[in-house]
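As stored in final33.tsv (TSV, C-alpha atoms):
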```
chain	number	residue	atom	x	y	z
A	8	MET	CA	-69.59	26.88	23.92
A	9	ALA	CA	-67.18	24.01	24.45
A	10	PRO	CA	-64.53	24.53	27.16
A	11	ILE	CA	-61.04	25.47	26.00
A	12	ASN	CA	-58.44	22.72	26.33
A	13	PRO	CA	-55.97	23.93	29.02
A	14	ALA	CA	-53.01	22.65	26.95
A	15	ILE	CA	-54.11	24.75	23.98
A	16	SER	CA	-54.74	27.79	26.10
A	17	HIS	CA	-51.06	27.88	27.08
A	18	ILE	CA	-49.81	27.97	23.47
A	19	THR	CA	-47.97	31.20	22.79
A	20	PRO	CA	-46.33	32.52	19.61
A	21	THR	CA	-42.97	31.35	21.00
A	22	THR	CA	-44.08	27.75	21.53
A	23	THR	CA	-45.74	27.72	18.13
A	24	LEU	CA	-42.43	28.72	16.53
A	25	THR	CA	-40.63	26.05	18.52
A	26	TYR	CA	-43.03	23.33	17.35
A	27	PHE	CA	-42.62	24.51	13.77
A	28	ILE	CA	-38.81	24.32	13.97
A	29	LEU	CA	-38.96	20.82	15.48
A	30	LEU	CA	-41.31	19.71	12.74
A	31	LEU	CA	-39.01	21.19	10.11
A	32	LEU	CA	-35.98	19.41	11.55
A	33	THR	CA	-37.73	16.05	11.56
A	34	THR	CA	-39.04	16.33	8.02
A	35	THR	CA	-36.07	17.78	6.16
A	36	THR	CA	-33.31	15.64	4.73
A	37	THR	CA	-30.22	15.51	6.89
A	38	THR	CA	-26.68	15.54	5.54
A	39	THR	CA	-24.97	12.32	4.61
A	40	PRO	CA	-23.62	10.55	7.72
A	41	ILE	CA	-19.85	10.60	8.08
A	42	LEU	CA	-19.96	6.79	8.11
A	43	ALA	CA	-21.15	6.82	4.49
A	44	ILE	CA	-18.17	8.95	3.52
A	45	THR	CA	-15.57	6.89	5.33
A	46	ASN	CA	-16.91	3.56	4.07
A	47	LEU	CA	-15.75	4.03	0.50
A	48	THR	CA	-15.61	0.29	-0.20
A	49	ALA	CA	-19.35	0.01	0.58
A	50	LEU	CA	-20.10	2.85	-1.83
A	51	LEU	CA	-18.14	1.09	-4.58
A	52	SER	CA	-19.35	-2.45	-3.87
A	53	SER	CA	-22.23	-2.20	-6.37
A	54	PHE	CA	-19.84	-1.36	-9.23
A	55	PRO	CA	-17.97	-4.53	-10.30
A	56	ASP	CA	-16.11	-2.62	-13.03
A	57	PHE	CA	-14.10	-0.95	-10.26
A	58	SER	CA	-13.39	-4.04	-8.15
A	59	SER	CA	-9.59	-3.79	-8.50
A	60	PHE	CA	-9.53	-0.18	-7.32
A	61	THR	CA	-11.97	-1.04	-4.52
A	62	SER	CA	-9.59	-3.79	-3.38
A	63	LEU	CA	-6.75	-1.25	-3.17
A	64	ILE	CA	-8.87	0.98	-0.93
A	65	ALA	CA	-9.94	-1.98	1.22
A	66	SER	CA	-6.27	-2.84	1.79
A	67	THR	CA	-5.61	0.65	3.19
A	68	PRO	CA	-7.61	1.01	6.44
A	69	SER	CA	-5.79	4.24	7.40
A	70	LEU	CA	-7.95	6.10	4.84
A	71	THR	CA	-11.00	5.62	7.06
A	72	SER	CA	-9.51	7.56	9.95
A	73	ASP	CA	-8.28	10.27	7.56
A	74	LEU	CA	-11.84	10.85	6.37
A	75	SER	CA	-13.50	10.77	9.77
A	76	ASP	CA	-13.87	14.57	9.95
A	77	ARG	CA	-14.57	15.22	6.25
A	78	SER	CA	-18.04	16.23	5.07
A	79	ALA	CA	-17.40	16.60	1.32
A	80	LEU	CA	-15.15	14.81	-1.14
A	81	THR	CA	-14.80	13.55	-4.70
A	82	LEU	CA	-13.29	10.11	-5.26
A	83	LEU	CA	-11.50	9.39	-8.53
A	84	VAL	CA	-11.78	5.71	-9.46
A	85	ILE	CA	-10.18	3.76	-12.30
A	86	PRO	CA	-12.06	0.97	-14.15
A	87	ASN	CA	-10.49	-2.49	-14.14
A	88	SER	CA	-9.67	-2.32	-17.85
A	89	TYR	CA	-7.61	0.87	-17.37
A	90	LEU	CA	-6.04	-0.10	-14.05
A	91	SER	CA	-4.81	-3.56	-15.04
A	92	SER	CA	-1.53	-2.26	-16.53
A	93	SER	CA	-0.66	-0.45	-13.29
A	94	LEU	CA	-1.60	-3.13	-10.76
A	95	ASP	CA	1.86	-4.71	-10.73
A	96	LEU	CA	3.36	-1.36	-9.78
A	97	THR	CA	0.87	-0.80	-6.96
A	98	ARG	CA	1.64	-4.25	-5.54
A	99	ARG	CA	5.31	-3.31	-5.24
A	100	LEU	CA	4.56	-0.21	-3.17
A	101	SER	CA	4.85	-0.27	0.61
A	102	PRO	CA	1.49	0.02	2.45
A	103	SER	CA	2.16	3.63	3.42
A	104	ALA	CA	3.24	4.60	-0.12
A	105	LEU	CA	0.11	2.99	-1.55
A	106	ALA	CA	-2.00	4.91	0.98
A	107	ASP	CA	-0.46	8.21	-0.18
A	108	LEU	CA	-1.11	7.32	-3.82
A	109	LEU	CA	-4.78	6.64	-3.03
A	110	ARG	CA	-5.04	9.84	-0.96
A	111	TYR	CA	-4.08	11.71	-4.15
A	112	HIS	CA	-7.30	10.36	-5.72
A	113	ILE	CA	-9.52	11.84	-2.99
A	114	LEU	CA	-10.35	15.49	-3.71
A	115	LEU	CA	-11.49	17.47	-0.68
A	116	GLN	CA	-14.37	19.08	-2.55
A	117	TYR	CA	-17.73	17.83	-3.78
A	118	LEU	CA	-17.96	18.01	-7.60
A	119	SER	CA	-21.32	17.52	-9.28
A	120	SER	CA	-21.96	17.19	-13.00
A	121	SER	CA	-22.79	20.89	-13.24
A	122	ASP	CA	-19.61	21.75	-11.32
A	123	LEU	CA	-17.54	19.86	-13.89
A	124	HIS	CA	-19.21	21.61	-16.82
A	125	GLN	CA	-18.59	24.99	-15.22
A	126	VAL	CA	-14.85	24.43	-14.78
A	127	PRO	CA	-13.05	27.28	-16.57
A	128	PRO	CA	-10.66	26.37	-19.42
A	129	SER	CA	-7.83	27.87	-17.36
A	130	GLY	CA	-8.58	25.26	-14.67
A	131	THR	CA	-9.26	25.24	-10.96
A	132	LEU	CA	-6.92	24.03	-8.22
A	133	ILE	CA	-8.33	21.46	-5.76
A	134	THR	CA	-6.63	20.06	-2.65
A	135	THR	CA	-6.39	16.29	-2.22
A	136	LEU	CA	-6.20	14.22	0.95
A	137	PHE	CA	-2.50	13.66	0.24
A	138	GLN	CA	-1.80	17.36	0.80
A	139	THR	CA	-3.03	17.07	4.41
A	140	THR	CA	-0.32	14.52	5.32
A	141	GLY	CA	2.48	17.11	5.25
A	142	ARG	CA	4.52	14.90	2.92
A	143	ALA	CA	3.54	16.83	-0.20
A	144	SER	CA	6.06	19.53	-1.00
A	145	SER	CA	4.56	22.94	-1.76
A	146	ASN	CA	1.21	22.31	-3.56
A	147	SER	CA	2.17	18.93	-5.06
A	148	GLY	CA	-0.72	17.45	-3.08
A	149	SER	CA	-3.21	19.41	-5.18
A	150	VAL	CA	-4.60	18.76	-8.67
A	151	ASN	CA	-5.59	21.08	-11.48
A	152	VAL	CA	-9.00	20.41	-13.08
A	153	THR	CA	-9.40	21.85	-16.59
A	154	ARG	CA	-12.08	21.72	-19.29
A	155	ASN	CA	-11.59	21.81	-23.04
A	156	PRO	CA	-14.12	24.45	-24.27
A	157	LEU	CA	-14.41	22.73	-27.67
A	158	THR	CA	-14.98	19.12	-26.59
A	159	ASN	CA	-15.96	19.70	-22.93
A	160	ALA	CA	-13.45	17.00	-22.00
A	161	ILE	CA	-12.37	17.26	-18.35
A	162	THR	CA	-8.70	16.65	-17.52
A	163	ILE	CA	-7.25	16.30	-14.03
A	164	SER	CA	-3.50	16.75	-13.70
A	165	SER	CA	-0.79	17.32	-11.14
A	166	ALA	CA	-0.58	20.93	-10.01
A	167	SER	CA	3.18	20.93	-10.54
A	168	PRO	CA	4.28	22.41	-13.89
A	169	PHE	CA	7.08	19.82	-13.99
A	170	SER	CA	4.78	16.78	-13.78
A	171	SER	CA	3.38	14.90	-16.76
A	172	SER	CA	0.85	12.90	-14.74
A	173	ASN	CA	-2.73	13.50	-15.84
A	174	THR	CA	-6.00	11.65	-16.31
A	175	THR	CA	-9.23	12.22	-18.23
A	176	VAL	CA	-12.71	12.04	-16.74
A	177	LEU	CA	-14.77	9.20	-18.24
A	178	SER	CA	-18.08	9.61	-16.41
A	179	LEU	CA	-19.80	10.56	-13.19
A	180	ILE	CA	-20.58	7.29	-11.40
A	181	LYS	CA	-22.43	8.23	-8.23
A	182	THR	CA	-23.30	11.25	-6.10
A	183	LEU	CA	-24.58	11.71	-2.57
A	184	PRO	CA	-25.40	15.44	-2.68
A	185	TYR	CA	-23.61	17.40	-1.38
A	186	ASN	CA	-21.12	15.12	0.31
A	187	VAL	CA	-19.74	12.40	-1.94
A	188	SER	CA	-19.11	12.29	-5.66
A	189	ILE	CA	-17.51	9.32	-7.45
A	190	ILE	CA	-15.94	10.02	-10.83
A	191	SER	CA	-14.44	7.48	-13.23
A	192	VAL	CA	-11.07	8.41	-14.80
A	193	ASN	CA	-8.84	6.60	-17.28
A	194	SER	CA	-5.53	6.32	-15.37
A	195	LEU	CA	-3.81	6.61	-12.01
A	196	LEU	CA	-2.66	10.05	-10.96
A	197	VAL	CA	0.84	10.21	-9.51
A	198	PRO	CA	1.92	13.16	-7.32
A	199	TYR	CA	4.98	15.10	-8.45
A	200	GLY	CA	8.11	13.71	-6.81
A	201	PHE	CA	6.38	10.41	-6.01
A	202	ASP	CA	8.48	7.60	-7.47
A	203	LEU	CA	5.99	4.92	-8.51
A	204	MET	CA	8.84	2.89	-10.01
A	205	ALA	CA	11.12	3.19	-6.97
A	206	SER	CA	10.57	-0.28	-5.56
A	207	GLU	CA	10.98	-1.79	-9.03
A	208	THR	CA	14.09	0.06	-10.22
A	209	ARG	CA	15.97	0.57	-6.95
A	210	PRO	CA	17.33	-2.53	-5.22
A	211	THR	CA	16.08	-3.08	-1.68
A	212	LEU	CA	18.52	-1.74	0.86
A	213	GLY	CA	17.99	-4.81	3.04
A	214	LEU	CA	18.90	-2.84	6.14
A	215	ASN	CA	18.78	-4.61	9.50
A	216	ILE	CA	17.77	-1.71	11.74
A	217	THR	CA	18.26	-3.62	14.98
A	218	LYS	CA	21.82	-4.58	13.99
A	219	GLU	CA	22.67	-0.98	13.10
A	220	LEU	CA	21.44	0.17	16.52
A	221	LEU	CA	23.42	-2.50	18.35
A	222	ASP	CA	26.52	-1.54	16.37
A	223	GLY	CA	25.96	2.03	17.51
A	224	HIS	CA	26.74	0.93	21.12
A	225	ASN	CA	24.33	3.47	22.63
A	226	PHE	CA	20.93	2.14	21.60
A	227	PHE	CA	20.56	-1.25	23.27
A	228	VAL	CA	17.23	-0.39	24.95
A	229	ALA	CA	15.71	0.93	21.70
A	230	ALA	CA	16.93	-2.13	19.78
A	231	SER	CA	15.35	-4.41	22.35
A	232	LEU	CA	12.01	-2.56	22.29
A	233	LEU	CA	11.84	-2.51	18.50
A	234	SER	CA	12.67	-6.19	18.24
A	235	ALA	CA	10.19	-7.26	20.93
A	236	SER	CA	7.32	-5.17	19.52
A	237	GLY	CA	7.67	-6.42	15.95
A	238	VAL	CA	7.31	-2.93	14.46
A	239	VAL	CA	10.91	-2.99	13.21
A	240	GLN	CA	9.78	-5.30	10.39
A	241	GLU	CA	7.22	-2.68	9.36
A	242	PHE	CA	9.92	-0.01	9.36
A	243	GLU	CA	12.18	-2.12	7.17
A	244	ALA	CA	9.28	-2.80	4.78
A	245	ASP	CA	8.87	0.96	4.38
A	246	GLU	CA	12.41	1.40	3.06
A	247	GLY	CA	11.00	1.64	-0.47
A	248	GLY	CA	9.11	4.59	-1.92
A	249	ALA	CA	9.61	7.81	0.03
A	250	GLY	CA	11.91	6.16	2.59
A	251	ILE	CA	11.95	6.61	6.37
A	252	THR	CA	13.62	8.77	9.03
A	253	LEU	CA	14.02	7.25	12.51
A	254	PHE	CA	14.62	9.20	15.72
A	255	VAL	CA	16.05	6.69	18.19
A	256	PRO	CA	16.45	7.66	21.86
A	257	THR	CA	19.81	6.87	23.42
A	258	ASP	CA	20.15	4.50	26.37
A	259	SER	CA	20.62	7.50	28.67
A	260	ALA	CA	17.33	8.94	27.37
A	261	PHE	CA	15.53	5.76	28.46
A	262	SER	CA	17.41	5.87	31.76
A	263	ASP	CA	16.18	9.44	32.36
A	264	LEU	CA	12.62	8.37	31.57
A	265	SER	CA	12.76	5.38	33.94
A	266	ALA	CA	13.52	7.78	36.79
A	267	THR	CA	10.13	9.48	36.27
A	268	ALA	CA	6.60	8.28	36.92
A	269	ILE	CA	6.17	7.36	33.23
A	270	SER	CA	6.60	3.70	32.24
A	271	LEU	CA	6.58	2.49	28.66
A	272	GLN	CA	6.57	-1.12	29.79
A	273	SER	CA	3.18	-0.70	31.48
A	274	LEU	CA	1.52	0.33	28.21
A	275	PRO	CA	-0.58	-2.18	26.23
A	276	ALA	CA	1.21	-3.64	23.22
A	277	ASP	CA	-0.72	-1.50	20.71
A	278	LYS	CA	0.01	1.74	22.59
A	279	LYS	CA	3.67	0.80	22.90
A	280	ALA	CA	3.77	0.24	19.13
A	281	ASP	CA	2.20	3.67	18.61
A	282	VAL	CA	4.93	5.29	20.72
A	283	LEU	CA	7.62	3.56	18.65
A	284	LYS	CA	5.95	4.57	15.36
A	285	PHE	CA	5.78	8.11	16.73
A	286	HIS	CA	9.58	8.17	16.36
A	287	VAL	CA	9.48	7.55	12.57
A	288	LEU	CA	8.77	9.88	9.63
A	289	HIS	CA	7.65	8.29	6.39
A	290	SER	CA	10.13	10.26	4.28
A	291	TYR	CA	13.89	10.29	3.90
A	292	TYR	CA	15.26	13.41	5.62
A	293	PRO	CA	19.07	13.54	5.91
A	294	LEU	CA	20.45	16.05	8.39
A	295	GLY	CA	20.68	18.89	5.86
A	296	SER	CA	17.00	18.43	4.93
A	297	LEU	CA	15.94	18.41	8.58
A	298	GLU	CA	17.81	21.65	9.22
A	299	SER	CA	15.94	23.38	6.40
A	300	ILE	CA	12.62	21.57	6.57
A	301	VAL	CA	9.75	23.52	4.98
A	302	ASN	CA	6.84	22.04	6.97
A	303	PRO	CA	7.86	22.00	10.67
A	304	VAL	CA	4.83	19.91	11.70
A	305	GLN	CA	5.53	16.42	10.41
A	306	PRO	CA	3.22	13.38	10.48
A	307	THR	CA	4.69	10.11	11.74
A	308	LEU	CA	3.94	6.47	11.03
A	309	ALA	CA	1.59	6.64	14.02
A	310	THR	CA	-0.30	9.44	12.22
A	311	GLU	CA	-1.04	7.07	9.35
A	312	ASP	CA	-2.57	4.57	11.76
A	313	MET	CA	-4.44	7.00	14.01
A	314	GLY	CA	-5.56	9.74	11.61
A	315	ALA	CA	-4.41	13.03	10.10
A	316	GLY	CA	-3.47	15.73	12.58
A	317	SER	CA	-2.64	13.31	15.40
A	318	PHE	CA	0.75	12.01	16.56
A	319	THR	CA	2.72	14.77	14.81
A	320	LEU	CA	6.21	16.09	15.58
A	321	ASN	CA	7.32	19.71	15.38
A	322	ILE	CA	10.83	19.96	13.93
A	323	SER	CA	12.84	23.17	14.16
A	324	ARG	CA	16.36	24.51	14.49
A	325	VAL	CA	17.28	25.67	18.01
A	326	ASN	CA	20.72	26.98	19.00
A	327	GLY	CA	22.36	25.47	15.95
A	328	SER	CA	20.92	21.96	16.33
A	329	VAL	CA	17.78	20.15	15.20
A	330	ALA	CA	15.06	20.14	17.89
A	331	ILE	CA	12.10	17.75	17.91
A	332	ASP	CA	9.06	18.71	19.96
A	333	SER	CA	6.45	16.07	20.75
A	334	GLY	CA	4.11	18.45	22.54
A	335	ILE	CA	5.37	17.11	25.87
A	336	VAL	CA	9.15	16.94	25.57
A	337	GLN	CA	11.72	18.58	23.32
A	338	ALA	CA	14.62	16.41	22.20
A	339	SER	CA	17.63	17.24	20.10
A	340	VAL	CA	19.45	15.21	17.47
A	341	THR	CA	22.71	14.01	19.01
A	342	GLN	CA	24.22	11.97	16.18
A	343	THR	CA	23.65	10.32	12.82
A	344	VAL	CA	23.68	6.56	13.35
A	345	PHE	CA	23.04	5.55	9.72
A	346	ASP	CA	22.41	7.45	6.50
A	347	GLN	CA	21.95	5.78	3.15
A	348	ASN	CA	19.06	6.76	0.91
A	349	PRO	CA	16.22	5.91	1.54
A	350	VAL	CA	16.88	5.33	5.29
A	351	VAL	CA	18.39	7.64	7.89
A	352	ILE	CA	18.65	6.92	11.63
A	353	PHE	CA	19.32	9.71	14.14
A	354	GLY	CA	20.10	9.42	17.83
A	355	VAL	CA	18.00	11.76	19.97
A	356	SER	CA	18.42	12.97	23.55
A	357	LYS	CA	14.95	12.11	24.88
A	358	VAL	CA	12.15	9.60	24.43
A	359	LEU	CA	9.46	11.31	22.35
A	360	LEU	CA	6.17	11.10	24.25
A	361	PRO	CA	2.95	11.64	22.25
A	362	LYS	CA	0.37	13.79	24.03
A	363	GLU	CA	-2.36	11.56	22.59
A	364	ILE	CA	-1.21	8.81	24.96
A	365	PHE	CA	0.42	10.60	27.89
A	366	GLY	CA	-1.69	13.76	28.00
A	367	ARG	CA	-0.47	17.31	27.64
A	368	ASN	CA	0.88	17.60	31.19
A	369	PRO	CA	2.17	14.21	32.34
A	370	VAL	CA	4.09	13.85	35.59
A	371	LEU	CA	7.75	13.97	34.60
A	372	THR	CA	9.06	14.36	38.14
A	373	SER	CA	11.19	11.72	39.81
A	374	LYS	CA	9.63	8.67	41.40
A	375	PRO	CA	9.28	8.68	45.19
A	376	GLY	CA	12.57	7.82	46.82
A	377	GLN	CA	14.65	8.92	43.81
A	378	SER	CA	16.50	12.18	43.42
```
Could you rewrite the structure in this file as structure tokens?
Amino acid sequence: MAPINPAISHITPTTTLTYFILLLLTTTTTTTPILAITNLTALLSSFPDFSSFTSLIASTPSLTSDLSDRSALTLLVIPNSYLSSSLDLTRRLSPSALADLLRYHILLQYLSSSDLHQVPPSGTLITTLFQTTGRASSNSGSVNVTRNPLTNAITISSASPFSSSNTTVLSLIKTLPYNVSIISVNSLLVPYGFDLMASETRPTLGLNITKELLDGHNFFVAASLLSASGVVQEFEADEGGAGITLFVPTDSAFSDLSATAISLQSLPADKKADVLKFHVLHSYYPLGSLESIVNPVQPTLATEDMGAGSFTLNISRVNGSVAIDSGIVQASVTQTVFDQNPVVIFGVSKVLLPKEIFGRNPVLTSKPGQS
């Protein structure tokens, strides 16, 4: 009888099971890589009929970071022939407003052909990527998908009963089960309360933010930082659409910060720009709206660059005044510097420090040799 191989003689039921699991893992199909989901332009590149819509997505790089932690979605795309009449309007939107409009066309649920045919006539509510920004009031960042039981036509409309925006499904273009589905529709969907015509019908405010801060006589440091960084031009470009709310630290706030171990000037230019964008909300919130804000956790312009859930501010009412918590410091609104729809500028008592840059527990004590 041939001798038993020592390696085989040590095989136990446990090792056999382990080998089987390893074999199973190497032979089964893995889920779609996140890269395939975030690279929407690559998925659409083989469909020339959607080149205009693909160009809109390619011009909005912030969508990639928003999708970095998503594992399932349905993208609604509009053919060139249907989108041509709306292209002029999309060109007039600010970059951040266009990004929100596109986010409304990304449903956070995978829909296959069978899923669409099983939609009840009463409809089903699906959340979009726009809802995750915090700028959608109530459920205006969701859509209602309904099916006509007689014709089987699928309609996707705004979840708000006061909105007339809707679109009809034309066909299912591509699927990557069970992660990505691309569906062709016949028109742009516009979230309720989103003014697609704003930049066309409302004259540009033409506000010079730096000048307003200098006229305020207590914001010379902030005016200098904004001007030197170049981000002030981006802020002024965002005056259209939903508007902007700026929280500008006073000169004394910068003076207090300079007495600590934290230095803004030592940051690289891109990080310094992120800190400045962290002081801006991409919505117009006059003081009364801030005092009664529905969603206390608000995304900032830095959120749009760095990804959903990051660089957010927590806004609340404390002891009769508006408090703004960055996760490191809590500032309060000290004055209204400028307020004319769609721009409002508030003075705040402290420099807002994002924890994504300075950590959760930075050293805020005085520098050596200073009291």
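The point (-4.7, -3.1, -10.7) has these residues within 10 Å of it, counting all atoms listed in the file: A:Phe57, A:Ser58, A:Ser59, A:Phe60, A:Thr61, A:Ser62, A:Leu63, A:Ile85, A:Pro86, A:Asn87, A:Ser88, A:Tyr89, A:Leu90, A:Ser91, A:Ser92, A:Ser93, A:Leu94, A:Asp95, A:Leu96, A:Thr97, A:Arg98, A:Leu195.
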Show me a table, sorted first by chain and then by increasing residue number, of the residues of stretch 276-325 of chain A having an atom at most 9 Å from stretch 103-116 of chain A, each with its shortest atom pair and the distance in Å to one decimal, counting all atoms listed in the file and written as a tab-separated table.
```
residue	atom	partner	partner_atom	distance
A:His289	CA	A:Ser103	CA	7.8
A:Leu308	CA	A:Ser103	CA	8.3
A:Glu311	CA	A:Ser103	CA	7.6
```
Shell around A:Lys278 at 12 Å using only C-alpha atoms, local window under 4 positions removed, as a PyMOL selection string | chain A and resi 236+238+270-274+282-285+309+312-313+318+360-361+363-365
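Our summary of the geometry notes that atom CA of A:Val84 is positioned 17.1 Å from atom CA of A:Pro68.
As for atom CA of A:Val340 and atom CA of A:Gly237, they are spaced 24.7 Å apart.
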Counting all atoms listed in the file, closest pick from A:Ile331, A:Val304, A:Ala276, A:Leu47 relative to A:Leu74 is A:Leu47
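Nearest-residue note for A:Thr310: choosing from A:Gly354, A:Gly295, A:Gly141, A:Pro127, the minimum distance belongs to A:Gly141, counting all atoms listed in the file.
Minimum atom-to-atom distances from A:Asn151, A:Asn46, A:Ser145, A:Ser53 to A:Asn173 were compared using all atoms listed in the file, and the lowest value belongs to A:Asn151.
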List every protein, DNA or RNA residue that has at least one atom no more than 12 Å from (-12.4, 12.4, -1.1) in the file's coordinates, counting all atoms listed in the file, and write the result as number ranges by chain.
-> A: 41, 43-47, 64, 70-71, 73-84, 109-118, 133-139, 186-190
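As for atom CA of A:Gln240 and atom CA of A:Ala65, they are spaced 22.0 Å apart.
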